[in-house]
Amino acid sequence: MLKIKGENMSKSSDINIQIALDDITHKFTPERFSISRLPLKVGRLDSHRFGTALPSCLDMLIYVPGGEISLPEVYKYDPAIMDVINQAVAHEDQLMPSWRDTHYIYITVDQRMITAGRTHRNGGWHFDGMQGIRYPEKLEVCHQYVVSDNNPTEFSNVVVDATQLDEAKDNWFVELGKQVPDDTELFVPETYDIMMMTAYQLHRSPVAKPEHEGQRTFIRMDFTKKKFDRIGNTINPTLPAPFEFYPRPLPFEISPEAKQSDWKGASQFKS
Ligand SMILES: [Fe+2]
C-alpha cells in the first residue's frame, strides 16, 4: 500500500480549494463523488498539545446559526482544542463567510488508548455527511475539520461512481469502498495537521501499528445545516439545542470495523 505522507499534502492547490467551495455551496448530489479530490490542509497545531485526560463527546452542538461558539469548561480551557476551533472558524470565514448565518457546528472529541492491529474509529472507507432518505430535499453538503495527534486519518483521491446507488437500499459506504482498489495510494496528513474535507471525501481510520500504541486524540468539527438530533449525541450544557432529540437508528452499519469505534476505552463527557 503506497502511502503519501504529509509533505505532499502541505499545500492545498487552488483546484482543491475550488472543488471544496463548489461542494459546500451546492446541494448533495451523487455525481460529485466522481471528482478526484483530497482534503485541504488548513492549518496545524504548532505549540499546543491536547490535554491527556479529555473526556470524549460525540457530535456535540457548539454553535447555532447567528449565535456564538459555546463549550463546556473542560474543552474551553484546553488550548489545543480552542486552537483547532479558531483555525477552522478562520478558514471557514475565508472560504464561505455566510456560514455564520446558516450552519451549525458540532464537535467530536475522541481520546483513548489504541492497540496495534485495530482502528480507533471507522476503519472502512466512508464519508461523513450522508443525507439519505431523511433528506428528500437535499441540503448543501456537510463539511468537516479533522485533526489527530497520533496515526492520522487516511484519505483516498480515487474517483468513485455513486450515481447508481439507492439511498433506501444500498450501503453507500460499502459500495463506494468496493470501488477503491486495495493497493490504492493513501494520503496521510502529519499528526496535528488540521484538514478540511467535504461529504464527498472518502477516508478511513488507520489500523494502528505497534509504534502507534498509546493515546490517540481525534477531533472533528462538523459544519452543517443538519440538526444532529439523534439521542446518544452528547448534550452541551452551555448551549441548549433549538431542536428535540429522537431515537434515530443509524441507516446502516458503516462497516464491521465500525463496531470497534464505540466508546470503549474513552471517558465520556457528562453534563
Ligand atoms: Fe469519518
# chains A, B, ... in the order shown; residues from 1 in each chain; ligands from 1
>>> select_by_dssp(residues="segment 31-225 of chain A", states="strand (DSSP E)", output="PyMOL selection string")
chain A and resi 40-44+57-63+104-114+143-148+154-155+186-187+193-198+203-204+214-224
>>> closest_atom_pairs(of="chain A", to="ligand 1", cutoff="7 Å", atoms="only C-alpha atoms and all ligand atoms", output="tab-separated table")
residue	atom	partner	partner_atom_place_in_ligand_line	distance
A:Asn122	CA	ligand 1	1 (Fe)	6.4
A:His126	CA	ligand 1	1 (Fe)	6.2
A:Phe127	CA	ligand 1	1 (Fe)	5.5
A:Asp128	CA	ligand 1	1 (Fe)	5.0
A:His203	CA	ligand 1	1 (Fe)	6.3
A:Arg204	CA	ligand 1	1 (Fe)	6.2
>>> residues_around(residues="segment 69-85 of chain A", least_positions_apart="6", cutoff="9 Å", atoms="only C-alpha atoms", output="list in words")
Gly43, Arg44, Leu45, Ser47, His48, Arg49, Phe50, Gly51, Leu54, Pro55, Leu61, Ile62, Tyr63, Ile105, Tyr145, Val146, Val147, Ile194, Ile219, Met221, Asn236, Pro237, Thr238, Leu239, Phe269 and Ser271 of chain A
>>> closest_atom_pairs(of="segment 35-120 of chain A", to="segment 23-29 of chain A", cutoff="12 Å", atoms="only C-alpha atoms", output="tab-separated table")
residue	atom	partner	partner_atom	distance
A:Ile35	CA	A:Asp23	CA	10.3
A:Arg37	CA	A:Asp23	CA	10.7
A:Pro39	CA	A:Asp23	CA	11.9
A:Glu92	CA	A:Ile24	CA	10.7
A:Leu95	CA	A:Ile24	CA	9.7
A:Met96	CA	A:Thr25	CA	8.2
A:Pro97	CA	A:Thr25	CA	11.3
A:Ser98	CA	A:Thr25	CA	10.1
A:Trp99	CA	A:Thr25	CA	9.9
A:Thr102	CA	A:Thr25	CA	11.4
A:His103	CA	A:Ile24	CA	11.0
>>> write_last_selection(atoms="N, CA and C atoms", output="PDB file, in the first residue's frame")
ATOM      1  N   ILE A  35     -15.462  13.193  -8.738  1.00  0.00           N
ATOM      2  CA  ILE A  35     -14.380  14.174  -8.864  1.00  0.00           C
ATOM      3  C   ILE A  35     -13.241  13.717  -7.947  1.00  0.00           C
ATOM      4  N   ARG A  37     -10.440  14.107  -5.485  1.00  0.00           N
ATOM      5  CA  ARG A  37     -10.301  15.182  -4.509  1.00  0.00           C
ATOM      6  C   ARG A  37      -9.448  14.745  -3.330  1.00  0.00           C
ATOM      7  N   PRO A  39      -8.477  16.265   0.891  1.00  0.00           N
ATOM      8  CA  PRO A  39      -8.840  17.288   1.875  1.00  0.00           C
ATOM      9  C   PRO A  39      -7.883  18.478   1.789  1.00  0.00           C
ATOM     10  N   GLU A  92     -13.079  28.866   7.626  1.00  0.00           N
ATOM     11  CA  GLU A  92     -14.472  28.893   7.156  1.00  0.00           C
ATOM     12  C   GLU A  92     -14.885  30.321   6.803  1.00  0.00           C
ATOM     13  N   LEU A  95     -13.438  31.023   3.460  1.00  0.00           N
ATOM     14  CA  LEU A  95     -13.970  30.230   2.345  1.00  0.00           C
ATOM     15  C   LEU A  95     -15.430  30.564   2.046  1.00  0.00           C
ATOM     16  N   MET A  96     -16.230  30.656   3.099  1.00  0.00           N
ATOM     17  CA  MET A  96     -17.674  30.836   2.902  1.00  0.00           C
ATOM     18  C   MET A  96     -18.226  31.649   4.079  1.00  0.00           C
ATOM     19  N   PRO A  97     -17.977  32.974   4.065  1.00  0.00           N
ATOM     20  CA  PRO A  97     -18.321  33.800   5.235  1.00  0.00           C
ATOM     21  C   PRO A  97     -19.792  33.701   5.645  1.00  0.00           C
ATOM     22  N   SER A  98     -20.651  33.348   4.706  1.00  0.00           N
ATOM     23  CA  SER A  98     -22.080  33.290   5.038  1.00  0.00           C
ATOM     24  C   SER A  98     -22.426  32.148   5.997  1.00  0.00           C
ATOM     25  N   TRP A  99     -21.476  31.267   6.267  1.00  0.00           N
ATOM     26  CA  TRP A  99     -21.770  30.093   7.105  1.00  0.00           C
ATOM     27  C   TRP A  99     -22.342  30.505   8.456  1.00  0.00           C
ATOM     28  N   THR A 102     -26.039  30.357   8.661  1.00  0.00           N
ATOM     29  CA  THR A 102     -26.742  29.213   8.079  1.00  0.00           C
ATOM     30  C   THR A 102     -26.368  27.861   8.685  1.00  0.00           C
ATOM     31  N   HIS A 103     -25.201  27.758   9.270  1.00  0.00           N
ATOM     32  CA  HIS A 103     -24.683  26.441   9.655  1.00  0.00           C
ATOM     33  C   HIS A 103     -24.591  26.256  11.174  1.00  0.00           C
TER      34      HIS A 103
END
>>> closest_residue(among="A:Met196, A:Glu211, A:Asn86, A:Glu31", to="Leu165 of chain A", atoms="only C-alpha atoms")
A:Glu31
>>> residues_around(residues="Thr115 of chain A", least_positions_apart="2", cutoff="8 Å", atoms="only C-alpha atoms", output="ChimeraX atom specification")
/A:113,117-118,208-210,212-214
>>> closest_residue(among="A:Pro240, A:Gly265, A:Gly123, A:Pro249", to="Phe173 of chain A", atoms="only C-alpha atoms")
A:Gly123
>>> residues_around(residues="Cys142 of chain A", least_positions_apart="4", cutoff="8 Å", atoms="only C-alpha atoms", output="list in words")
Ile24, Asp128, Gly129, Thr198, Ala199, Asp222, Phe223, Thr224, Lys225 and Lys226 of chain A
>>> atom_distance(atom1="atom CA of Val207 of chain A", atom2="atom CA of Thr184 of chain A")
15.5 Å
>>> select_by_dssp(residues="segment 123-198 of chain A", states="helix (DSSP H, G or I)", output="ChimeraX atom specification")
/A:132-134,172-178
>>> closest_residue(among="A:Arg134, A:Arg100, A:Arg220, A:Lys178", to="Ser148 of chain A", atoms="only C-alpha atoms")
A:Arg220
>>> closest_residue(among="A:Gln164, A:Thr191, A:Thr52, A:Asn151", to="Thr119 of chain A", atoms="only C-alpha atoms")
A:Asn151
>>> residues_around(residues="Ser267 of chain A", least_positions_apart="5", cutoff="10 Å", atoms="only C-alpha atoms", output="number ranges by chain")
A: 53-57, 110-112
>>> atom_distance(atom1="atom CA of Glu185 of chain A", atom2="atom CA of Glu140 of chain A")
28.8 Å
